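Quick notes on the structure that follows.
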Amino acid sequence: MSHATKIILTFGALVNLAIWAWVYHPHGAPDWNNGSVAGVSFSPYERGQDPENGDAVHEETIRRDLELLSNLTRRVRTYSVLGGLHHIPADAMARGLSVTAGAWISTDFNRNGNEISSLINLANKHLNIDRLLVGNEALLREDVSTDTLISAIATVRKKTRKPVSTAEPWHVWLANPALADSVDFIGVQLLPYWEGVPVKEAVPYLMARLAQVQAAYPDKPIVLTEIGWPSAGRAIGGARANRTNQALFLREFLTVAAAKNLDYFLIEAFDQPWKISFEGMAGGYWGLFDVDRQEKFPWTGPIRERDDWWMWALFAIGFSAILGLLYAQMRPTLRLPGALLLVGITQTIGSALIWALIPMGSLYLSSLELAVWGLLFVAAVFLVAGVLVDLFEATDLMWTGPLRRKFAAPILSNGVRDAPKVSIHVPICNEPPALVRRTLAALANLDYPNYEVIVLDNNTYDDALWAPVEIQCQTLGRRFRFFRYPKLSGYKGGALNRALEHSATDTEIIGVIDSDYVVKRDWLKSLVPFFTEAEIGFVQAPQDYRDSRENPFKRFCFWEYAGFFRIGMVRRNEKNAIIQHGTMTLIRRHALDMVGGWSDWCITEDAELGLRLAHDGWKSAYVAESYGQGVTPDCLGAYKGQRFRWAYGAMQILKRRWRWLFAGRNTKLTRSQRFQYLAGWFPWISDAAGLFFTTAAIAWTVALIAFPKTTELPPAAFLAPSLAAFLFRQWRLFKLYGHADACPARDRAKAALAGLALSHTVAKAVIAGLVTSSRPFKRTPKYQKAPRLLRGLMMAAEEAAILLCLTGAAAGFVVTNGLWHVDAMLWLAILTVLALPYAATIILGAINGLPLRAKRTAQLRGGTPAIPAYPPGERRRKRRP
């Protein structure tokens, strides 16, 4: 590791520490030195208790809590006199506390009668009950009518001879003068948070509302029966619920209240998590003390959101530094831009994970909520792993110096006269004869003296398809042999094993090409010499395509394929961990025999064979130069089907070979090789996780629409990193394509769109591959009739249905919840990002329905066309060394 890299890693850690210090910087607020407050509302329920379920309060709890509150206030307000709360007046009197007692009024008229009778009895029994409240926001909830409430108030006044009122928000009092006439004092609730007022404007706002009520009822005393601010909860308008804002609001209010001699009760003594179920998250966090009776903020001095922020910051920075150091030590040639990117991403990842973890210990989460949060955290870890894989790929290719494992074709020691025998296998199934004839014509033209071609037709029932190919083989001479198996099991691997049986006994190298590939004359001459190195098990040339300019759809496909064959494979080659392809591959016959031939249980027999060869210690060579070109799928359905097969086969391999890849047991695979294989499949597994996330996002949004007041948005600690990861991956794609492929910006966008369009298909394939054992092999159709626009769109019907659900959910969310705070905007952005792959599939389907640019018949002419590996008119940019 260079000194510059060490400096950058240290600097990044210090910058991250500074960011943490800024996020949790101290806030100033008026000190409250009085040491006491006029009154607090008091509900003594503990963690896990819920009066809605009939849980009663223990008198021991009441005594303990009142003892604590006696150091803060001389008055408490209650909401009910049932469920053990009738003990409060006596226990309060023992500690010199007066009580404003309340009866809970709801839609349950029998309970209302019990509340009122118990309130009357307690008021007549205890002298320290100085005022009575009949109901709390009963009119706001529309639980009873105004006349019913007025009648109940009159009954209590008549039987107690004590001041009686009810507690309602300011606007309910202004709208009900008859109610005001019936009470002895106005019990007004002023909670600016619920009205979306920013904390800095909250105290002036409540004073203005209080003045309105005073002006409406100048002859009535006013008691602020609830005044406060929550320490957690969703943002409402400009109101943010957090510990700092709670302290700022209360300390400022108390200063004003003392100056104006206001009569008030702070809501509330202790956090009450049971309220979350019907008030939303904020309902559980109004306490001056948390549910464990710990004070939440200081009354004097600066205020921080977390006093232990430095400990969490050190965890985040330490974790990030370990990630950066491990990678930098493995890449001693890491250049400055790569080091800067490494530090930026790893430090961001560490902080994001810790910020997502912190609330799990500071919020009141039910078992279900804790499980959901845990799943979200696991998803975040999964997301981080994907970002790290992308980061390492980008830095490896762009900022760790020149490639170290370059292959220059050696020259055969005795010239081509002693060239090893190559048996080229061409498995075909229901292929157009004209397509295969062109492939065979190119093979007949190879500049190599010692080879044979075995064409093995399997499972083709139409004589018109296989018979012309047989005739072509006979015409081309003794090098070409044709075999037909009307019924053959074992996927493509089964066919290749049959071809292996028919190979000449002196064969040293097996070549495999697909039926649509037109190879260059120097394919064998250039690549066979690599086998002079005894440890080489197979040599791979990239898949390439000659029809990228036939129509726009094929150009999208062409550049999407290029990302794997010209970027991913080049990187894997550095670690001797390339994925073997089913075409343009050469395999040492001895190595193939040693590992048991082709697997007939796997739908991607090529990749599985490459893994087994590496497992046995054979090396591979990837030559990033095109030696043959095939044709891309004609329609979106075929394109999706091909990718489904690739992803499904990868999961088959993962299930069968997981001990090699994860545990490293009984294998010669190196750690780097195992990492490369797993990292190569990780994006596909991420797509499957994305499908589950999309389903959950739709369900969550439906809940937000149906229950907007009680359903909380997913935490921003999870949403923001998800968006950042998506943007990083798109940036990475554009950078890598520009670096490795000299790809124009417009074609990079096409590659990105085509890749997104396959996400849903890959997700289904991964899930199917993990839960099922086999799927029928489906060849990728070639030379089909191009679809019309409607057919192209119908191939994206499933994606269109999901897109419709996402769009409807997003629209419903905006209408019912609005976009009045950052969390809501983040959620809408998440829904938009989730919709992009499905929209991309529809767009690609529409593009697939556009008219062809050129006649397909022009491609059916014999001979190998002079088409470069890159589309015409594009050349590699010259780069500085």
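Just so we're on the same page: first chain in the structure tokens is A, next is B, and so on; residues restart at 1 for each chain, and ligands are numbered from 1 in the order they show up.
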#### Entry: Non-local contacts of Ala101 of chain A (7 Å; only C-alpha atoms; under 6 positions in same chain excluded) as a PyMOL selection string
chain A and resi 77-79+129+131-133
Convert the current residue selection to file output with C-alpha atoms, as a PDB file, in the first residue's frame.
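Saved file result_32.pdb follows:
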ATOM      1  CA  ARG A  77     -53.343  15.411  35.157  1.00  0.00           C
ATOM      2  CA  THR A  78     -54.958  12.014  34.484  1.00  0.00           C
ATOM      3  CA  TYR A  79     -57.113  10.717  31.626  1.00  0.00           C
ATOM      4  CA  ILE A 129     -58.440  16.677  43.239  1.00  0.00           C
ATOM      5  CA  ARG A 131     -60.303  20.179  38.841  1.00  0.00           C
ATOM      6  CA  LEU A 132     -62.139  17.648  36.702  1.00  0.00           C
ATOM      7  CA  LEU A 133     -61.993  16.875  32.976  1.00  0.00           C
TER       8      LEU A 133
END
### strand (DSSP E) per DSSP on the backbone: members of segment 579-646 of chain A, as a PyMOL selection string
chain A and resi 585-588+619-622+628-629
Now that the selection is made, can you save its residues with N, CA and C atoms as a JSON list (two decimals), in the first residue's frame?
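Below you can see result13.json, which holds the result:
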[["chain", "number", "residue", "atom", "x", "y", "z"],
["A", 585, "THR", "N", -15.49, -21.73, -27.36],
["A", 585, "THR", "CA", -14.66, -22.25, -26.29],
["A", 585, "THR", "C", -13.86, -23.45, -26.80],
["A", 586, "LEU", "N", -12.65, -23.59, -26.31],
["A", 586, "LEU", "CA", -11.77, -24.72, -26.60],
["A", 586, "LEU", "C", -11.38, -25.36, -25.27],
["A", 587, "ILE", "N", -11.48, -26.70, -25.19],
["A", 587, "ILE", "CA", -11.27, -27.41, -23.94],
["A", 587, "ILE", "C", -10.27, -28.55, -24.16],
["A", 588, "ARG", "N", -9.34, -28.68, -23.25],
["A", 588, "ARG", "CA", -8.41, -29.80, -23.32],
["A", 588, "ARG", "C", -9.18, -31.10, -23.10],
["A", 619, "LYS", "N", -6.22, -24.24, -15.16],
["A", 619, "LYS", "CA", -6.25, -22.80, -15.44],
["A", 619, "LYS", "C", -7.06, -22.54, -16.71],
["A", 620, "SER", "N", -7.47, -21.28, -16.84],
["A", 620, "SER", "CA", -8.21, -20.86, -18.03],
["A", 620, "SER", "C", -7.55, -19.64, -18.61],
["A", 621, "ALA", "N", -7.85, -19.38, -19.87],
["A", 621, "ALA", "CA", -7.33, -18.19, -20.54],
["A", 621, "ALA", "C", -8.47, -17.53, -21.30],
["A", 622, "TYR", "N", -8.62, -16.23, -21.09],
["A", 622, "TYR", "CA", -9.66, -15.47, -21.79],
["A", 622, "TYR", "C", -8.97, -14.49, -22.73],
["A", 628, "GLY", "N", -15.35, -14.89, -33.60],
["A", 628, "GLY", "CA", -16.57, -15.40, -34.22],
["A", 628, "GLY", "C", -17.76, -14.58, -33.77],
["A", 629, "GLN", "N", -18.79, -14.57, -34.63],
["A", 629, "GLN", "CA", -19.96, -13.76, -34.32],
["A", 629, "GLN", "C", -21.23, -14.56, -34.61]]
### Task
Pick out the closest residue to Ala752 of chain A from this set: A:Thr333, A:Thr841, A:Gln540, A:Ser672. Count only C-alpha atoms.
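Among the listed residues, A:Thr841 lies closest to Ala752 of chain A.
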### Task
For atom CA of Thr148 of chain A and atom CA of Val40 of chain A, determine how far apart the two atoms are, in Å to one decimal place.
27.9 Å
### Query
Using only C-alpha atoms, which residues sit within 7 Å of segment 684-694 of chain A once same-chain residues fewer than 6 positions away are excluded, as a PyMOL selection string?
chain A and resi 647+759+762-764+766-767+834
### Query
So which one's closest to Val384 of chain A, A:Leu793, A:Leu654, A:Ala725, A:Leu191? Using only C-alpha atoms, please.
A:Ala725
### Query
If you count only C-alpha atoms, which residues fall within 6 Å of segment 274-282 of chain A, apart from same-chain ones fewer than 2 positions away, as a list of chain:residue names?
A:Asp50, A:Pro230, A:Ala232, A:Gly233, A:Gln272, A:Gly284, A:Tyr285, A:Thr710
Would you output that residue set with N, CA and C atoms, as a CSV table (one decimal), in the first residue's frame?
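Dumped to result_19.csv:
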chain,number,residue,atom,x,y,z
A,50,ASP,N,-50.8,-2.2,27.7
A,50,ASP,CA,-51.7,-1.5,26.8
A,50,ASP,C,-53.1,-1.5,27.4
A,230,PRO,N,-43.1,15.7,20.5
A,230,PRO,CA,-42.6,14.3,20.5
A,230,PRO,C,-41.1,14.2,20.2
A,232,ALA,N,-39.8,11.5,18.7
A,232,ALA,CA,-39.6,10.6,17.5
A,232,ALA,C,-41.0,10.6,16.8
A,233,GLY,N,-40.9,10.2,15.6
A,233,GLY,CA,-42.2,10.2,14.8
A,233,GLY,C,-42.0,10.7,13.4
A,272,GLN,N,-45.3,6.6,26.2
A,272,GLN,CA,-46.4,5.6,26.2
A,272,GLN,C,-46.4,4.8,24.9
A,284,GLY,N,-46.1,7.5,20.8
A,284,GLY,CA,-45.4,6.9,21.9
A,284,GLY,C,-44.2,7.7,22.5
A,285,TYR,N,-44.0,8.9,22.0
A,285,TYR,CA,-42.7,9.6,22.3
A,285,TYR,C,-42.9,11.0,22.9
A,710,THR,N,-51.6,6.2,10.9
A,710,THR,CA,-51.0,5.2,11.8
A,710,THR,C,-49.9,4.4,11.1
### Task
Excluding Leu819 of chain A and residues on its chain fewer than 5 positions from it, collect all residues at most 9 Å away from it, counting only C-alpha atoms, and give them as a list of chain:residue names.
A:Gly237, A:Phe813, A:Val814, A:Ala824, A:Met825, A:Leu828
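Proximity to segment 16-33 of chain A at 9 Å, evaluated using only C-alpha atoms and with sequence-adjacent residues fewer than 6 positions away removed, yields Thr244, Ala247, Leu248, Phe249, Arg251, Glu252, Leu254, Thr255, Trp299, Thr300, Gly301, Pro302, Ile303, Arg304, Glu305, Arg306, Asp307, Trp309, Trp310, Ala313, Leu314, Ala316, Ile317, Gln347, Thr348 and Ser351 of chain A.
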Selection from above, N, CA and C atoms, as a short mmCIF file (atom, residue, chain, number, x, y, z; two decimals), in the first residue's frame, can you write it?
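So the final result, stored in selection23.cif, reads:
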data_model
loop_
_atom_site.label_atom_id
_atom_site.label_comp_id
_atom_site.auth_asym_id
_atom_site.auth_seq_id
_atom_site.Cartn_x
_atom_site.Cartn_y
_atom_site.Cartn_z
N THR A 244 -33.88 16.60 20.10
CA THR A 244 -33.41 17.97 20.14
C THR A 244 -34.58 18.95 20.06
N ALA A 247 -36.65 19.16 23.27
CA ALA A 247 -36.01 19.98 24.30
C ALA A 247 -36.08 21.46 23.94
N LEU A 248 -35.84 21.80 22.68
CA LEU A 248 -35.90 23.20 22.26
C LEU A 248 -37.28 23.78 22.50
N PHE A 249 -38.31 23.03 22.10
CA PHE A 249 -39.67 23.53 22.24
C PHE A 249 -40.05 23.72 23.70
N ARG A 251 -38.20 23.96 26.45
CA ARG A 251 -37.44 24.96 27.18
C ARG A 251 -37.84 26.37 26.77
N GLU A 252 -38.13 26.56 25.50
CA GLU A 252 -38.60 27.88 25.07
C GLU A 252 -40.01 28.16 25.60
N LEU A 254 -41.48 26.93 28.32
CA LEU A 254 -41.46 27.16 29.76
C LEU A 254 -40.99 28.56 30.10
N THR A 255 -40.06 29.08 29.33
CA THR A 255 -39.60 30.44 29.56
C THR A 255 -40.73 31.45 29.31
N TRP A 299 -32.31 20.15 31.10
CA TRP A 299 -33.08 21.40 31.13
C TRP A 299 -32.20 22.62 30.99
N THR A 300 -30.89 22.42 31.08
CA THR A 300 -29.95 23.53 30.90
C THR A 300 -28.79 23.05 30.04
N GLY A 301 -28.09 24.02 29.44
CA GLY A 301 -26.93 23.70 28.64
C GLY A 301 -27.27 23.29 27.22
N PRO A 302 -26.25 22.98 26.40
CA PRO A 302 -26.49 22.59 25.00
C PRO A 302 -27.19 21.24 24.90
N ILE A 303 -27.84 21.03 23.75
CA ILE A 303 -28.61 19.81 23.53
C ILE A 303 -28.06 19.09 22.31
N ARG A 304 -27.81 17.80 22.44
CA ARG A 304 -27.43 16.95 21.31
C ARG A 304 -28.49 15.88 21.12
N GLU A 305 -28.67 15.49 19.86
CA GLU A 305 -29.64 14.44 19.59
C GLU A 305 -29.22 13.13 20.24
N ARG A 306 -27.94 12.86 20.25
CA ARG A 306 -27.41 11.68 20.95
C ARG A 306 -26.13 12.09 21.67
N ASP A 307 -26.06 11.76 22.94
CA ASP A 307 -24.85 12.05 23.69
C ASP A 307 -23.76 11.02 23.43
N TRP A 309 -23.00 9.75 20.50
CA TRP A 309 -22.74 9.72 19.06
C TRP A 309 -21.32 9.32 18.73
N TRP A 310 -20.37 9.73 19.55
CA TRP A 310 -18.96 9.47 19.26
C TRP A 310 -18.66 7.97 19.25
N ALA A 313 -19.96 6.65 16.02
CA ALA A 313 -19.09 7.15 14.96
C ALA A 313 -17.82 6.33 14.86
N LEU A 314 -17.26 5.97 16.01
CA LEU A 314 -16.03 5.16 15.99
C LEU A 314 -16.30 3.77 15.42
N ALA A 316 -18.57 3.06 13.16
CA ALA A 316 -18.74 3.23 11.71
C ALA A 316 -17.41 3.46 11.02
N ILE A 317 -16.60 4.33 11.58
CA ILE A 317 -15.31 4.67 10.96
C ILE A 317 -14.37 3.47 11.02
N GLN A 347 -16.50 4.58 3.64
CA GLN A 347 -16.89 5.39 4.79
C GLN A 347 -18.40 5.67 4.78
N THR A 348 -18.95 5.86 3.59
CA THR A 348 -20.40 6.05 3.48
C THR A 348 -21.14 4.79 3.88
N SER A 351 -21.09 4.28 7.78
CA SER A 351 -22.00 5.19 8.47
C SER A 351 -23.45 4.83 8.20
#
### Message
My list of candidates is A:Asp634, A:Asp308, A:Asp616, A:Glu605. Which is closest to Thr667 of chain A when distances are computed with only C-alpha atoms?
### Response
A:Asp616
### Query
Using the chain letters and numbers from this document, which residues of segment 621-684 of chain A does DSSP assign to alpha helix (DSSP H), as a count of residues only?
37
### Task
Tell me, as JSON, numbers by chain, which residues lie within 9 Å of Thr807 of chain A, counting only C-alpha atoms; anything in the same chain fewer than 6 positions away does not count.
{"A": [831, 832, 835]}
With N, CA, C and O atoms retained, export the selected residues as an mmCIF file, in the first residue's frame.
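Full text of result34.cif as output:
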data_model
loop_
_atom_site.group_PDB
_atom_site.id
_atom_site.type_symbol
_atom_site.label_atom_id
_atom_site.label_comp_id
_atom_site.auth_asym_id
_atom_site.auth_seq_id
_atom_site.Cartn_x
_atom_site.Cartn_y
_atom_site.Cartn_z
ATOM 1 N N LEU A 831 -40.143 4.350 -5.004
ATOM 2 C CA LEU A 831 -41.154 3.750 -5.872
ATOM 3 C C LEU A 831 -40.817 3.993 -7.337
ATOM 4 O O LEU A 831 -41.031 3.125 -8.193
ATOM 5 N N THR A 832 -40.281 5.180 -7.634
ATOM 6 C CA THR A 832 -39.898 5.497 -9.010
ATOM 7 C C THR A 832 -38.754 4.603 -9.480
ATOM 8 O O THR A 832 -38.780 4.056 -10.591
ATOM 9 N N ALA A 835 -39.843 1.193 -10.181
ATOM 10 C CA ALA A 835 -40.637 1.102 -11.416
ATOM 11 C C ALA A 835 -39.766 1.101 -12.671
ATOM 12 O O ALA A 835 -40.220 0.656 -13.733
#
#### Entry: Given only C-alpha atoms as the counted atoms, nearest of A:Val833, A:Ala103, A:Ala138, A:Asn551 to Ser722 of chain A
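Closest residue, counting only C-alpha atoms: A:Val833.
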### Task
Considering only C-alpha atoms, state which residue in the set A:Leu68, A:Cys557, A:Val37, A:Ile120 is at the smallest distance from Leu262 of chain A.
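The answer is A:Val37, which sits nearest to Leu262 of chain A.
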#### Entry: Which of A:Cys743, A:Lys640, A:Val702, A:Ala800 sits closest to Gly812 of chain A [using only C-alpha atoms]
A:Val702
